[in-house]
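Structure, as structure tokens:
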Amino acid sequence: MENSVTIRSVTPSFAIAGGEIEVATDGFSAIHGEFGCYIGALPARVVAASSRRVLAIVPEGVAGEAGVELENRQGRSNTVTINVGRTIAEEMHIVANPAIDPRDGSVIITRSGSRGQKLEHTLYRIEPDGFVDELPAEIMNPTGIAFSPNGEMYVTNRAEGTVCRIDHGEGVAVYASGLGIATGIAFDAEGVMYVGDRSGTIYRIREFGRVSEFAEVEPSVAAYHLAFGQDGRLFVTAPGLSSHDCIYAIDADGKVERFIRGFGRPQGLAFDIEGNLYAAACYKGRHGIVRVDPAGIAAETVVAGNAMVGLCFDRDGNMIVATNDTLYSLEMGINGALNV
């Protein structure tokens with residue numbers, strides 16, 4: 001009996017390997033234990049099943065458009081397609097957002113290492129054709145990466161509490177120091193730099209070496225993550241140990257507000273041109289990338305995946321997602337706010 005089992009929907013419709021998807025179904029039975037879920041024609045591990053829904057893990061080896069099917073004694077279901085991220089870099093140690101080089105669209109990431117650990121190569125460039133290149137710049141524990149409005153690359157060094165300018169991928173010049181455990185970094189519309197100290201302070205750096213305290217938020221157990229919204233506010237995550245962490249919004253005067261809460265370990269942030277905020281976080285028990293509407297009212301998980309720490313959008317509308325050790329590209333057709 002073909003298609004006696006029906007898949008009504010699969011959420012989210014984007015995922016990376018290891019992510020958990022929910023398959024809503026009619027006519028499915030797991031009573032006799034003879035059932036399966038297939039993603040991209042590969043068997044997927046089922047973590048929970050009922051007559052109305054199945055939770056399954058996207059298997060390794062699946063990438064791009066992949067059909068999701070269920071099978072039990074009643075037969076095999078219809079096929080619903082999801083999009084699974086393609087791996088573009090592996091064996092890294094990423095702790096924050098990747099960044100897009102405005103000159104050529106390359107993706108820049110860090111291999112950060114543990115605090116105080118000196119690694120041979122710590123900055124990498126993934127060219128548009130997929131080639132992974134080691135940058136010769138030597139910087140210990142690089143964390144946050146951001147490009148200024150004039151295209152200069154800046155990287156925070158959490159081991160030394162500095163932010164450095166990286167010249168042509170080689171030279172390293174300290175731009176500001178005394179920044180505590182310097183992690184997140186972002187520029188406002190006027191080109192002013194902001195850096196987050198993991199212990200609780202957001203610093204504003206108007207020019208070379210000129211550091212002032214801008215705002216105070218809760219300390220983080222990991223790294224601060226910063227991004228500016230189209231309304232000029234600075235959005236910040238400070239991941240803690242609670243399952244109800246918030247995303248902060250800070251106005252131009254340094255006034256801190258809780259924009260939205262209810263997240264487990266929220267980390268990297270990015271905006272699209274419509275003002276939606278995307279965050280790497282756990283939300284309502286689901287790990288992945290969460291989209292929050294501009295008002296901070298509605299939120300939903302749009303990409304399933306574990307251990308996500310950051311994201312950005314490239315020039316082609318792809319979401320670049322970073323886990324602790326791997327970088328993925330997802331064809332989502334979203335224009336990032338910094339790519340207009």
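The way I read the labels, and the way they are meant: chains A, B, ... in the order of the structure tokens, residue 1 as the first residue of every chain, and ligand 1 as the first ligand shown, with later ones counted on from there.
Near A:Val256, within a cut-off of 8 Å and counting only C-alpha atoms, sit the residues Ala215, Glu216, Val217, Tyr248, Ala249, Ile250 and Asp251 of chain A, with same-chain residues fewer than 4 positions away left out.
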Take the residues just selected and output them with N, CA and C atoms as an mmCIF file, in the first residue's frame.
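To be explicit, this is the file written out as result_16.cif:
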data_model
loop_
_atom_site.group_PDB
_atom_site.id
_atom_site.type_symbol
_atom_site.label_atom_id
_atom_site.label_comp_id
_atom_site.auth_asym_id
_atom_site.auth_seq_id
_atom_site.Cartn_x
_atom_site.Cartn_y
_atom_site.Cartn_z
ATOM 1 N N ALA A 215 28.630 50.089 27.938
ATOM 2 C CA ALA A 215 27.487 49.471 28.618
ATOM 3 C C ALA A 215 27.974 48.282 29.440
ATOM 4 N N GLU A 216 27.119 47.849 30.360
ATOM 5 C CA GLU A 216 27.393 46.677 31.192
ATOM 6 C C GLU A 216 26.247 45.684 31.044
ATOM 7 N N VAL A 217 26.588 44.411 30.819
ATOM 8 C CA VAL A 217 25.588 43.342 30.797
ATOM 9 C C VAL A 217 26.107 42.191 31.646
ATOM 10 N N TYR A 248 20.219 40.894 24.354
ATOM 11 C CA TYR A 248 20.127 42.289 24.773
ATOM 12 C C TYR A 248 20.102 43.217 23.563
ATOM 13 N N ALA A 249 19.470 44.374 23.742
ATOM 14 C CA ALA A 249 19.516 45.460 22.769
ATOM 15 C C ALA A 249 19.968 46.705 23.520
ATOM 16 N N ILE A 250 20.993 47.389 22.992
ATOM 17 C CA ILE A 250 21.576 48.549 23.663
ATOM 18 C C ILE A 250 21.462 49.751 22.736
ATOM 19 N N ASP A 251 20.862 50.828 23.226
ATOM 20 C CA ASP A 251 20.689 52.007 22.372
ATOM 21 C C ASP A 251 21.969 52.846 22.336
#
**Q.** Exercise: A:Gly262 partners within 12 Å, only C-alpha atoms, chain neighbours under 4 positions left out, as number ranges by chain
**A.** A: 239-240, 242-247, 258, 266, 281-286, 290, 292, 296-300
Closest atom pairs, stretch 250-329 of chain A residues within 6 Å of stretch 92-110 of chain A, only C-alpha atoms, as a tab-separated table:
residue	atom	partner	partner_atom	distance
A:Gly268	CA	A:Asn97	CA	5.5
A:Val309	CA	A:Ala96	CA	5.6
A:Gly310	CA	A:Asn97	CA	4.0
A:Leu311	CA	A:Asn97	CA	5.1
A:Asn324	CA	A:Ile94	CA	4.9
A:Asp325	CA	A:Met92	CA	4.4
(Q) With distances taken over only C-alpha atoms, which residue among A:Ala270, A:Val163, A:Ala17, A:Val195 lies nearest A:Arg45? (A) A:Ala17
Q.
Would you compute the distance between atom CA of A:Ala173 and atom CA of A:Thr156? Give it in Å to one decimal.
A. 11.4 Å
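Nearest residue to A:Phe187 among A:Ile145, A:Val174, A:Cys164, A:Ile139 is A:Ile145, counting only C-alpha atoms.
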Q: In Å, rounded to a single decimal, give me how far atom CA of A:Asp314 is from atom CA of A:Asp293.
A: 20.6 Å
Q) Which polymer residues have any atom within 12 Å of an atom of A:Phe131, counting only C-alpha atoms, with same-chain residues fewer than 2 positions away left out, as number ranges by chain? A) A: 88-89, 106-108, 124-129, 133-134
Give me, as a CSV table (one decimal) with C-alpha atoms, in the first residue's frame, all polymer residues having an atom no more than 6 Å from A:Met319, counting only C-alpha atoms and skipping those fewer than 2 positions away in the same chain.
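In the end it all went to out_16.csv:
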chain,number,residue,atom,x,y,z
A,312,CYS,CA,26.8,35.1,8.6
A,313,PHE,CA,25.3,35.6,5.1
A,329,SER,CA,27.0,26.6,3.7
A,330,LEU,CA,23.2,26.5,3.3
(Q) Env of A:Glu207: 10 Å cut, atoms = only C-alpha atoms, seq-sep filter 3 positions within chain, self excluded. Answer as a list of chain:residue names. (A) A:Tyr175, A:Ala176, A:Gly191, A:Val192, A:Met193, A:Arg204, A:Arg210, A:Val211
Saved selection, atoms kept: N, CA and C atoms, as an mmCIF file, in the first residue's frame:
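Result went into again-v6.cif, see below:
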data_model
loop_
_atom_site.group_PDB
_atom_site.id
_atom_site.type_symbol
_atom_site.label_atom_id
_atom_site.label_comp_id
_atom_site.auth_asym_id
_atom_site.auth_seq_id
_atom_site.Cartn_x
_atom_site.Cartn_y
_atom_site.Cartn_z
ATOM 1 N N TYR A 175 45.311 47.584 17.837
ATOM 2 C CA TYR A 175 44.504 48.797 17.654
ATOM 3 C C TYR A 175 44.039 49.366 18.992
ATOM 4 N N ALA A 176 43.710 48.472 19.923
ATOM 5 C CA ALA A 176 43.294 48.896 21.263
ATOM 6 C C ALA A 176 43.596 47.768 22.240
ATOM 7 N N GLY A 191 31.046 53.656 11.636
ATOM 8 C CA GLY A 191 32.372 53.067 11.656
ATOM 9 C C GLY A 191 33.024 53.017 13.016
ATOM 10 N N VAL A 192 32.252 53.249 14.081
ATOM 11 C CA VAL A 192 32.789 53.158 15.435
ATOM 12 C C VAL A 192 32.796 51.701 15.866
ATOM 13 N N MET A 193 33.882 51.276 16.476
ATOM 14 C CA MET A 193 34.061 49.882 16.880
ATOM 15 C C MET A 193 33.540 49.638 18.301
ATOM 16 N N ARG A 204 33.512 50.932 23.754
ATOM 17 C CA ARG A 204 33.393 51.676 22.509
ATOM 18 C C ARG A 204 34.778 52.249 22.173
ATOM 19 N N ARG A 210 41.656 54.725 21.636
ATOM 20 C CA ARG A 210 40.742 55.532 22.460
ATOM 21 C C ARG A 210 39.570 54.664 22.910
ATOM 22 N N VAL A 211 39.672 54.117 24.112
ATOM 23 C CA VAL A 211 38.708 53.145 24.639
ATOM 24 C C VAL A 211 37.868 53.786 25.731
#
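Residue neighbourhood of A:His168, excluding near-sequence residues (fewer than 2 positions): Asp101, Arg103, Arg125, Leu135, Pro136, Ala137, Gly151, Glu152, Met153, Tyr154, Arg165, Ile166, Glu170, Gly171, Val172 and Ala173 of chain A, at 12 Å, using only C-alpha atoms.
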Please produce an output containing C-alpha atoms for each residue in the selection, written as a PDB file, in the first residue's frame.
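Result file part.pdb:
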ATOM      1  CA  ASP A 101      35.603  39.780   3.257  1.00  0.00           C
ATOM      2  CA  ARG A 103      36.709  42.732  -1.223  1.00  0.00           C
ATOM      3  CA  ARG A 125      40.236  32.226   4.298  1.00  0.00           C
ATOM      4  CA  LEU A 135      46.545  33.357   6.528  1.00  0.00           C
ATOM      5  CA  PRO A 136      50.122  34.104   7.666  1.00  0.00           C
ATOM      6  CA  ALA A 137      49.060  36.602  10.342  1.00  0.00           C
ATOM      7  CA  GLY A 151      37.189  47.044   4.394  1.00  0.00           C
ATOM      8  CA  GLU A 152      39.881  46.627   7.065  1.00  0.00           C
ATOM      9  CA  MET A 153      39.816  43.375   9.046  1.00  0.00           C
ATOM     10  CA  TYR A 154      39.883  43.461  12.846  1.00  0.00           C
ATOM     11  CA  ARG A 165      44.053  45.143  12.697  1.00  0.00           C
ATOM     12  CA  ILE A 166      45.101  42.498  10.170  1.00  0.00           C
ATOM     13  CA  GLU A 170      49.783  39.194   7.209  1.00  0.00           C
ATOM     14  CA  GLY A 171      50.633  42.144   9.437  1.00  0.00           C
ATOM     15  CA  VAL A 172      49.166  42.327  12.946  1.00  0.00           C
ATOM     16  CA  ALA A 173      48.880  45.757  14.590  1.00  0.00           C
TER      17      ALA A 173
END
Q | Residue nearest A:Arg158 among A:Val10, A:Met332, A:Ile185, A:Ala41 (counting only C-alpha atoms) | A | A:Ile185
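Of the residues in stretch 60-99 of chain A, those given strand (DSSP E or B) by DSSP on the backbone are Gly64, Glu65, Ala66, Gly67, Val68, Glu69, Leu70, Glu71, Asn72, Gly75, Arg76, Val80, Thr81, Ile82, Asn83, Val84, Arg86, Thr87, Ile88, Ala89 and Ala99 of chain A.
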Q) Within 10 Å of A:Ala189, counting only C-alpha atoms, which residues qualify if same-chain residues fewer than 6 places away don't, as a list in words? A) Ser148, Pro149, Phe228, Gly229, Gln230 and Gly232 of chain A
Go ahead and dump the residues you just picked, N, CA and C atoms, as a short mmCIF file (atom, residue, chain, number, x, y, z; two decimals), in the first residue's frame.
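Everything below was put into again09.cif:
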data_model
loop_
_atom_site.label_atom_id
_atom_site.label_comp_id
_atom_site.auth_asym_id
_atom_site.auth_seq_id
_atom_site.Cartn_x
_atom_site.Cartn_y
_atom_site.Cartn_z
N SER A 148 35.71 46.70 9.00
CA SER A 148 35.26 48.09 9.13
C SER A 148 34.58 48.52 7.83
N PRO A 149 33.86 49.65 7.84
CA PRO A 149 33.22 50.12 6.62
C PRO A 149 34.18 50.34 5.46
N PHE A 228 24.92 44.83 14.97
CA PHE A 228 24.08 46.03 14.92
C PHE A 228 22.85 45.79 14.07
N GLY A 229 21.69 46.24 14.60
CA GLY A 229 20.44 46.17 13.86
C GLY A 229 20.28 47.40 13.00
N GLN A 230 19.28 47.37 12.12
CA GLN A 230 19.03 48.51 11.23
C GLN A 230 18.53 49.74 11.98
N GLY A 232 19.97 50.86 14.58
CA GLY A 232 21.12 51.46 15.23
C GLY A 232 21.44 50.90 16.60
#
